[in-house]
Amino acid sequence: MSVTPAGQPEARTDLVRASGAGPTDSMEELPRGTCPACQAAIGEAHRDDCDVAECLATGRKRMWCRAQPDTAGHDCGRADWTGWWPAHAEARAFGWHVRWDTEARKFVRCTPDVHGSGPDLSRLYEHARWDREARRWLRKRAVLFSRAVRGRATLEELTKRAQRYCGEQGYEVVGEHVGTRGWREAVADVDEGKADVVVVPSLDRLGFGKQVFERVDAVRRAGGTVAGPGLRIDKDGTIVATATAEM
């Protein structure tokens, strides 16, 4: 059985690559002289069909762009091989790695110092934002929101819950808003490019009935998303999973 430079079974490395996580740590410690897919040398452009090359517009793999209806056919720009796997440095800096759990037979999150782990690119693509000018991934910026509540202690607990969620997702908290006026300010933060996500501690803290859907739509139209503990919203704005406040 073949092994990696770290002495791991080659099959595990293949599994990590298949998940989008990329090579294991031992393979990232030194730059590669050529792209492992298209053999472009450092400073040379990747081949157009290279599955390692990133899109300079979205930050994702070019192959992914071509498979999506809204990005197929757009100009991905010229991406040169730098000697390093795209996006892996950011995933490492954020502490977003995965390892293969042989007993559970699935990938589990871990820190970059875990032997045999690889960058969790799936998490990076979902919870980070691509800076086209800097050509790198940055943490998403979040503003916290809750409709008005009675009692300072209650508001503080709701805020802590939203902050814990942001910490788990890797979001950078850039503001906090409460009440009707606070909602307008939260949407304005997204619309003005100051924030990417509006985080609520629970669905019932976002609003009541029809208001919930209107507010989700308002944030989407401003270019952002609504998120929070137990709250999942799919790409077309449909709420698919929720949890109420624990109080």
# chains A, B, ... in the order shown; residues from 1 in each chain; ligands from 1
$ select_by_dssp --residues "region 44-228 of chain A" --states "strand (DSSP E)" --output "ChimeraX atom specification"
/A:97-101,106-110,118-119,128-131,136-139,141-146,172-178,197-199,225-227
$ write_last_selection --atoms "N, CA and C atoms" --output "mmCIF file, in the first residue's frame"
data_model
loop_
_atom_site.group_PDB
_atom_site.id
_atom_site.type_symbol
_atom_site.label_atom_id
_atom_site.label_comp_id
_atom_site.auth_asym_id
_atom_site.auth_seq_id
_atom_site.Cartn_x
_atom_site.Cartn_y
_atom_site.Cartn_z
ATOM 1 N N HIS A 97 -9.931 23.099 9.688
ATOM 2 C CA HIS A 97 -9.420 21.866 9.098
ATOM 3 C C HIS A 97 -10.379 20.719 9.387
ATOM 4 N N VAL A 98 -10.218 19.640 8.646
ATOM 5 C CA VAL A 98 -10.973 18.411 8.891
ATOM 6 C C VAL A 98 -10.014 17.227 8.866
ATOM 7 N N ARG A 99 -10.429 16.171 9.524
ATOM 8 C CA ARG A 99 -9.676 14.916 9.493
ATOM 9 C C ARG A 99 -10.661 13.782 9.268
ATOM 10 N N TRP A 100 -10.167 12.681 8.756
ATOM 11 C CA TRP A 100 -11.016 11.523 8.510
ATOM 12 C C TRP A 100 -11.081 10.676 9.774
ATOM 13 N N ASP A 101 -12.299 10.481 10.293
ATOM 14 C CA ASP A 101 -12.518 9.652 11.476
ATOM 15 C C ASP A 101 -12.799 8.229 10.997
ATOM 16 N N LYS A 106 -16.381 9.311 8.603
ATOM 17 C CA LYS A 106 -16.781 10.613 8.081
ATOM 18 C C LYS A 106 -15.726 11.641 8.472
ATOM 19 N N PHE A 107 -15.775 12.803 7.829
ATOM 20 C CA PHE A 107 -14.853 13.877 8.170
ATOM 21 C C PHE A 107 -15.378 14.637 9.377
ATOM 22 N N VAL A 108 -14.486 14.997 10.273
ATOM 23 C CA VAL A 108 -14.853 15.777 11.451
ATOM 24 C C VAL A 108 -13.947 17.000 11.519
ATOM 25 N N ARG A 109 -14.472 18.071 12.069
ATOM 26 C CA ARG A 109 -13.697 19.302 12.168
ATOM 27 C C ARG A 109 -12.579 19.163 13.195
ATOM 28 N N CYS A 110 -11.497 19.861 12.940
ATOM 29 C CA CYS A 110 -10.369 19.835 13.866
ATOM 30 C C CYS A 110 -9.529 21.084 13.635
ATOM 31 N N GLY A 118 -6.637 18.226 6.802
ATOM 32 C CA GLY A 118 -6.566 19.047 5.596
ATOM 33 C C GLY A 118 -7.523 20.214 5.700
ATOM 34 N N PRO A 119 -7.330 21.260 4.902
ATOM 35 C CA PRO A 119 -8.197 22.442 4.946
ATOM 36 C C PRO A 119 -9.652 22.094 4.644
ATOM 37 N N ALA A 128 -16.931 32.093 4.685
ATOM 38 C CA ALA A 128 -15.993 33.188 4.453
ATOM 39 C C ALA A 128 -16.439 33.955 3.213
ATOM 40 N N ARG A 129 -15.825 35.080 2.955
ATOM 41 C CA ARG A 129 -16.178 35.889 1.784
ATOM 42 C C ARG A 129 -14.930 36.120 0.942
ATOM 43 N N TRP A 130 -15.112 36.150 -0.350
ATOM 44 C CA TRP A 130 -14.009 36.315 -1.284
ATOM 45 C C TRP A 130 -13.788 37.789 -1.572
ATOM 46 N N ASP A 131 -12.576 38.271 -1.345
ATOM 47 C CA ASP A 131 -12.208 39.650 -1.656
ATOM 48 C C ASP A 131 -11.534 39.644 -3.025
ATOM 49 N N ARG A 136 -8.160 36.979 -1.911
ATOM 50 C CA ARG A 136 -8.041 36.072 -0.782
ATOM 51 C C ARG A 136 -9.378 36.006 -0.046
ATOM 52 N N TRP A 137 -9.522 34.967 0.775
ATOM 53 C CA TRP A 137 -10.732 34.785 1.566
ATOM 54 C C TRP A 137 -10.603 35.518 2.892
ATOM 55 N N LEU A 138 -11.686 36.163 3.307
ATOM 56 C CA LEU A 138 -11.744 36.878 4.576
ATOM 57 C C LEU A 138 -12.933 36.357 5.380
ATOM 58 N N ARG A 139 -12.893 36.564 6.673
ATOM 59 C CA ARG A 139 -14.028 36.163 7.505
ATOM 60 C C ARG A 139 -15.255 37.006 7.145
ATOM 61 N N ARG A 141 -18.475 39.218 7.885
ATOM 62 C CA ARG A 141 -18.788 40.183 8.936
ATOM 63 C C ARG A 141 -20.267 40.065 9.291
ATOM 64 N N ALA A 142 -20.550 40.023 10.583
ATOM 65 C CA ALA A 142 -21.925 39.832 11.041
ATOM 66 C C ALA A 142 -22.380 40.982 11.926
ATOM 67 N N VAL A 143 -23.655 41.345 11.777
ATOM 68 C CA VAL A 143 -24.295 42.253 12.726
ATOM 69 C C VAL A 143 -25.356 41.447 13.462
ATOM 70 N N LEU A 144 -25.451 41.648 14.760
ATOM 71 C CA LEU A 144 -26.426 40.934 15.572
ATOM 72 C C LEU A 144 -27.724 41.731 15.618
ATOM 73 N N PHE A 145 -28.844 41.008 15.588
ATOM 74 C CA PHE A 145 -30.136 41.687 15.676
ATOM 75 C C PHE A 145 -31.107 40.882 16.526
ATOM 76 N N SER A 146 -31.927 41.610 17.279
ATOM 77 C CA SER A 146 -33.048 41.011 17.996
ATOM 78 C C SER A 146 -34.156 42.049 18.071
ATOM 79 N N GLU A 172 -16.968 37.520 12.024
ATOM 80 C CA GLU A 172 -16.461 38.678 12.751
ATOM 81 C C GLU A 172 -17.645 39.588 13.074
ATOM 82 N N VAL A 173 -17.930 39.803 14.354
ATOM 83 C CA VAL A 173 -19.059 40.643 14.758
ATOM 84 C C VAL A 173 -18.662 42.110 14.631
ATOM 85 N N VAL A 174 -19.438 42.865 13.838
ATOM 86 C CA VAL A 174 -19.103 44.269 13.589
ATOM 87 C C VAL A 174 -20.180 45.230 14.085
ATOM 88 N N GLY A 175 -21.259 44.706 14.669
ATOM 89 C CA GLY A 175 -22.299 45.594 15.168
ATOM 90 C C GLY A 175 -23.430 44.843 15.832
ATOM 91 N N GLU A 176 -24.231 45.570 16.632
ATOM 92 C CA GLU A 176 -25.390 45.000 17.310
ATOM 93 C C GLU A 176 -26.556 45.974 17.191
ATOM 94 N N HIS A 177 -27.745 45.445 16.878
ATOM 95 C CA HIS A 177 -28.925 46.288 16.700
ATOM 96 C C HIS A 177 -30.135 45.644 17.369
ATOM 97 N N VAL A 178 -31.026 46.490 17.900
ATOM 98 C CA VAL A 178 -32.225 46.005 18.588
ATOM 99 C C VAL A 178 -33.429 46.842 18.165
ATOM 100 N N VAL A 197 -23.742 39.258 6.977
ATOM 101 C CA VAL A 197 -24.745 38.392 7.597
ATOM 102 C C VAL A 197 -25.438 39.126 8.737
ATOM 103 N N VAL A 198 -26.753 38.944 8.833
ATOM 104 C CA VAL A 198 -27.504 39.409 10.000
ATOM 105 C C VAL A 198 -27.777 38.173 10.850
ATOM 106 N N VAL A 199 -27.233 38.151 12.051
ATOM 107 C CA VAL A 199 -27.365 36.987 12.930
ATOM 108 C C VAL A 199 -28.395 37.270 14.014
ATOM 109 N N THR A 225 -27.312 37.661 4.002
ATOM 110 C CA THR A 225 -28.100 36.514 4.441
ATOM 111 C C THR A 225 -28.466 36.683 5.911
ATOM 112 N N VAL A 226 -29.484 35.943 6.334
ATOM 113 C CA VAL A 226 -29.873 35.890 7.741
ATOM 114 C C VAL A 226 -29.475 34.522 8.270
ATOM 115 N N ALA A 227 -28.901 34.484 9.466
ATOM 116 C CA ALA A 227 -28.458 33.220 10.040
ATOM 117 C C ALA A 227 -28.611 33.268 11.551
#
$ select_by_dssp --residues "region 103-176 of chain A" --states "helix (DSSP H, G or I)" --output "list in words"
Leu121, Ser122, Arg123, Leu124, Tyr125, Glu126, His127, Arg152, Ala153, Thr154, Leu155, Glu156, Glu157, Leu158, Thr159, Lys160, Arg161, Ala162, Gln163, Arg164, Tyr165, Cys166, Gly167, Glu168 and Gln169 of chain A
$ atom_distance --atom1 "CA of Arg105 (chain A)" --atom2 "CA of Gly59 (chain A)"
29.3 Å
$ residues_around --residues "Trp84 (chain A)" --least-positions-apart "3" --cutoff "8 Å" --atoms "only C-alpha atoms" --output "number ranges by chain"
A: 28, 31-32, 81, 88
$ atom_distance --atom1 "CA of Arg78 (chain A)" --atom2 "CA of Glu54 (chain A)"
9.1 Å
$ residues_around --residues "Arg221 (chain A)" --least-positions-apart "5" --cutoff "12 Å" --atoms "only C-alpha atoms" --output "list in words"
Val187, Ala188, Val190, Asp191, Asp196, Glu214, Arg215, Val216, Val226, Asp236 and Gly237 of chain A
$ residues_around --residues "Leu121 (chain A)" --least-positions-apart "2" --cutoff "10 Å" --atoms "only C-alpha atoms" --output "JSON, numbers by chain"
{"A": [19, 20, 21, 22, 60, 86, 87, 88, 90, 91, 96, 97, 98, 118, 119, 123, 124, 125, 126, 127, 128]}
$ write_last_selection --atoms "C-alpha atoms" --output "PDB file, in the first residue's frame"
ATOM      1  CA  SER A  19     -14.086  16.126   0.116  1.00  0.00           C
ATOM      2  CA  GLY A  20     -12.661  19.401  -1.101  1.00  0.00           C
ATOM      3  CA  ALA A  21     -10.286  19.572   1.822  1.00  0.00           C
ATOM      4  CA  GLY A  22      -7.117  19.257  -0.240  1.00  0.00           C
ATOM      5  CA  ARG A  60     -13.978  28.913  -5.927  1.00  0.00           C
ATOM      6  CA  PRO A  86      -5.473  28.062  -3.431  1.00  0.00           C
ATOM      7  CA  ALA A  87      -7.412  28.978  -0.254  1.00  0.00           C
ATOM      8  CA  HIS A  88      -5.446  26.619   1.992  1.00  0.00           C
ATOM      9  CA  GLU A  90      -6.802  31.135   4.723  1.00  0.00           C
ATOM     10  CA  ALA A  91      -8.388  27.911   5.988  1.00  0.00           C
ATOM     11  CA  TRP A  96     -10.717  25.385   9.724  1.00  0.00           C
ATOM     12  CA  HIS A  97      -9.420  21.866   9.098  1.00  0.00           C
ATOM     13  CA  VAL A  98     -10.973  18.411   8.891  1.00  0.00           C
ATOM     14  CA  GLY A 118      -6.566  19.047   5.596  1.00  0.00           C
ATOM     15  CA  PRO A 119      -8.197  22.442   4.946  1.00  0.00           C
ATOM     16  CA  ARG A 123     -16.638  25.468   5.372  1.00  0.00           C
ATOM     17  CA  LEU A 124     -14.470  28.203   3.888  1.00  0.00           C
ATOM     18  CA  TYR A 125     -16.722  28.617   0.851  1.00  0.00           C
ATOM     19  CA  GLU A 126     -19.829  28.787   3.046  1.00  0.00           C
ATOM     20  CA  HIS A 127     -18.639  30.908   5.957  1.00  0.00           C
ATOM     21  CA  ALA A 128     -15.993  33.188   4.453  1.00  0.00           C
TER      22      ALA A 128
END
$ atom_distance --atom1 "CA of Tyr165 (chain A)" --atom2 "CA of Ile233 (chain A)"
15.5 Å
$ closest_residue --among "A:Phe213, A:Glu103, A:Gly83, A:Gly95" --to "Asp120 (chain A)" --atoms "only C-alpha atoms"
A:Gly95
$ closest_residue --among "A:Ala195, A:Val149, A:Val212, A:Ile239" --to "Gly224 (chain A)" --atoms "only C-alpha atoms"
A:Ala195
$ decode --residues "region 62-204 of chain A" --atoms "C-alpha atoms" --output "CSV table (one decimal), in the first residue's frame"
chain,number,residue,atom,x,y,z
A,62,ARG,CA,-13.2,27.2,-11.9
A,63,MET,CA,-14.8,23.8,-12.5
A,64,TRP,CA,-17.4,24.7,-9.9
A,65,CYS,CA,-18.2,28.0,-11.6
A,66,ARG,CA,-18.8,26.2,-14.9
A,67,ALA,CA,-21.3,23.9,-13.3
A,68,GLN,CA,-23.4,26.7,-11.8
A,69,PRO,CA,-26.2,28.3,-13.9
A,70,ASP,CA,-25.4,31.8,-12.6
A,71,THR,CA,-21.6,31.7,-13.2
A,72,ALA,CA,-21.3,29.4,-16.2
A,73,GLY,CA,-19.6,31.2,-19.0
A,74,HIS,CA,-18.3,34.2,-17.0
A,75,ASP,CA,-14.7,35.3,-17.1
A,76,CYS,CA,-12.7,33.6,-14.3
A,77,GLY,CA,-9.6,35.7,-15.1
A,78,ARG,CA,-6.0,34.5,-15.3
A,79,ALA,CA,-4.9,32.5,-12.3
A,80,ASP,CA,-1.2,31.7,-11.9
A,81,TRP,CA,0.3,28.8,-10.0
A,82,THR,CA,1.9,30.3,-6.9
A,83,GLY,CA,3.5,27.2,-5.4
A,84,TRP,CA,0.7,26.9,-2.9
A,85,TRP,CA,-2.8,25.3,-3.0
A,86,PRO,CA,-5.5,28.1,-3.4
A,87,ALA,CA,-7.4,29.0,-0.3
A,88,HIS,CA,-5.4,26.6,2.0
A,89,ALA,CA,-3.5,29.4,3.8
A,90,GLU,CA,-6.8,31.1,4.7
A,91,ALA,CA,-8.4,27.9,6.0
A,92,ARG,CA,-5.3,27.3,8.1
A,93,ALA,CA,-5.3,30.9,9.5
A,94,PHE,CA,-9.0,30.6,10.4
A,95,GLY,CA,-8.4,27.2,12.1
A,96,TRP,CA,-10.7,25.4,9.7
A,97,HIS,CA,-9.4,21.9,9.1
A,98,VAL,CA,-11.0,18.4,8.9
A,99,ARG,CA,-9.7,14.9,9.5
A,100,TRP,CA,-11.0,11.5,8.5
A,101,ASP,CA,-12.5,9.7,11.5
A,102,THR,CA,-12.0,6.0,10.7
A,103,GLU,CA,-14.5,4.8,13.3
A,104,ALA,CA,-17.3,7.2,12.4
A,105,ARG,CA,-16.3,6.9,8.7
A,106,LYS,CA,-16.8,10.6,8.1
A,107,PHE,CA,-14.9,13.9,8.2
A,108,VAL,CA,-14.9,15.8,11.5
A,109,ARG,CA,-13.7,19.3,12.2
A,110,CYS,CA,-10.4,19.8,13.9
A,111,THR,CA,-7.6,22.4,14.2
A,112,PRO,CA,-4.7,22.7,11.7
A,113,ASP,CA,-2.2,21.1,14.2
A,114,VAL,CA,-3.9,17.7,14.0
A,115,HIS,CA,-1.7,15.3,12.2
A,116,GLY,CA,-3.1,14.3,8.8
A,117,SER,CA,-5.8,16.9,8.6
A,118,GLY,CA,-6.6,19.0,5.6
A,119,PRO,CA,-8.2,22.4,4.9
A,120,ASP,CA,-12.0,22.4,5.2
A,121,LEU,CA,-12.7,24.2,2.0
A,122,SER,CA,-16.5,23.5,2.2
A,123,ARG,CA,-16.6,25.5,5.4
A,124,LEU,CA,-14.5,28.2,3.9
A,125,TYR,CA,-16.7,28.6,0.9
A,126,GLU,CA,-19.8,28.8,3.0
A,127,HIS,CA,-18.6,30.9,6.0
A,128,ALA,CA,-16.0,33.2,4.5
A,129,ARG,CA,-16.2,35.9,1.8
A,130,TRP,CA,-14.0,36.3,-1.3
A,131,ASP,CA,-12.2,39.7,-1.7
A,132,ARG,CA,-11.7,40.1,-5.4
A,133,GLU,CA,-9.2,42.9,-5.0
A,134,ALA,CA,-7.0,41.2,-2.4
A,135,ARG,CA,-7.6,37.8,-4.1
A,136,ARG,CA,-8.0,36.1,-0.8
A,137,TRP,CA,-10.7,34.8,1.6
A,138,LEU,CA,-11.7,36.9,4.6
A,139,ARG,CA,-14.0,36.2,7.5
A,140,LYS,CA,-17.7,37.1,7.0
A,141,ARG,CA,-18.8,40.2,8.9
A,142,ALA,CA,-21.9,39.8,11.0
A,143,VAL,CA,-24.3,42.3,12.7
A,144,LEU,CA,-26.4,40.9,15.6
A,145,PHE,CA,-30.1,41.7,15.7
A,146,SER,CA,-33.0,41.0,18.0
A,147,ARG,CA,-36.5,42.5,18.1
A,148,ALA,CA,-37.1,44.5,21.3
A,149,VAL,CA,-37.3,42.5,24.5
A,150,ARG,CA,-38.0,43.4,28.1
A,151,GLY,CA,-35.2,43.2,30.6
A,152,ARG,CA,-31.6,43.9,30.2
A,153,ALA,CA,-30.6,40.4,31.5
A,154,THR,CA,-32.7,38.8,28.7
A,155,LEU,CA,-31.2,41.0,26.0
A,156,GLU,CA,-27.7,40.2,27.3
A,157,GLU,CA,-28.4,36.5,27.2
A,158,LEU,CA,-29.8,36.7,23.7
A,159,THR,CA,-26.7,38.7,22.6
A,160,LYS,CA,-24.4,36.1,24.1
A,161,ARG,CA,-26.2,33.3,22.3
A,162,ALA,CA,-25.8,35.1,18.9
A,163,GLN,CA,-22.2,35.8,19.7
A,164,ARG,CA,-21.5,32.2,20.5
A,165,TYR,CA,-23.0,31.2,17.1
A,166,CYS,CA,-20.8,33.8,15.4
A,167,GLY,CA,-17.8,32.3,17.1
A,168,GLU,CA,-18.7,28.8,16.0
A,169,GLN,CA,-19.2,29.9,12.4
A,170,GLY,CA,-16.0,32.1,12.4
A,171,TYR,CA,-17.9,35.3,11.7
A,172,GLU,CA,-16.5,38.7,12.8
A,173,VAL,CA,-19.1,40.6,14.8
A,174,VAL,CA,-19.1,44.3,13.6
A,175,GLY,CA,-22.3,45.6,15.2
A,176,GLU,CA,-25.4,45.0,17.3
A,177,HIS,CA,-28.9,46.3,16.7
A,178,VAL,CA,-32.2,46.0,18.6
A,179,GLY,CA,-35.8,46.9,17.7
A,180,THR,CA,-37.5,48.4,14.7
A,181,ARG,CA,-34.9,51.2,14.2
A,182,GLY,CA,-32.2,48.7,14.8
A,183,TRP,CA,-33.6,46.5,12.1
A,184,ARG,CA,-33.3,49.3,9.6
A,185,GLU,CA,-29.7,49.9,10.6
A,186,ALA,CA,-28.9,46.2,10.3
A,187,VAL,CA,-30.2,46.1,6.7
A,188,ALA,CA,-28.4,49.3,5.9
A,189,ASP,CA,-25.1,47.8,7.2
A,190,VAL,CA,-25.5,45.0,4.7
A,191,ASP,CA,-26.6,47.3,1.9
A,192,GLU,CA,-23.6,49.6,2.4
A,193,GLY,CA,-21.2,46.6,2.4
A,194,LYS,CA,-20.3,46.9,6.1
A,195,ALA,CA,-21.7,43.4,6.9
A,196,ASP,CA,-22.5,40.2,5.1
A,197,VAL,CA,-24.7,38.4,7.6
A,198,VAL,CA,-27.5,39.4,10.0
A,199,VAL,CA,-27.4,37.0,12.9
A,200,VAL,CA,-30.4,36.5,15.2
A,201,PRO,CA,-30.4,34.4,18.4
A,202,SER,CA,-33.5,32.5,17.2
A,203,LEU,CA,-36.3,32.8,14.6
A,204,ASP,CA,-38.7,34.4,17.0
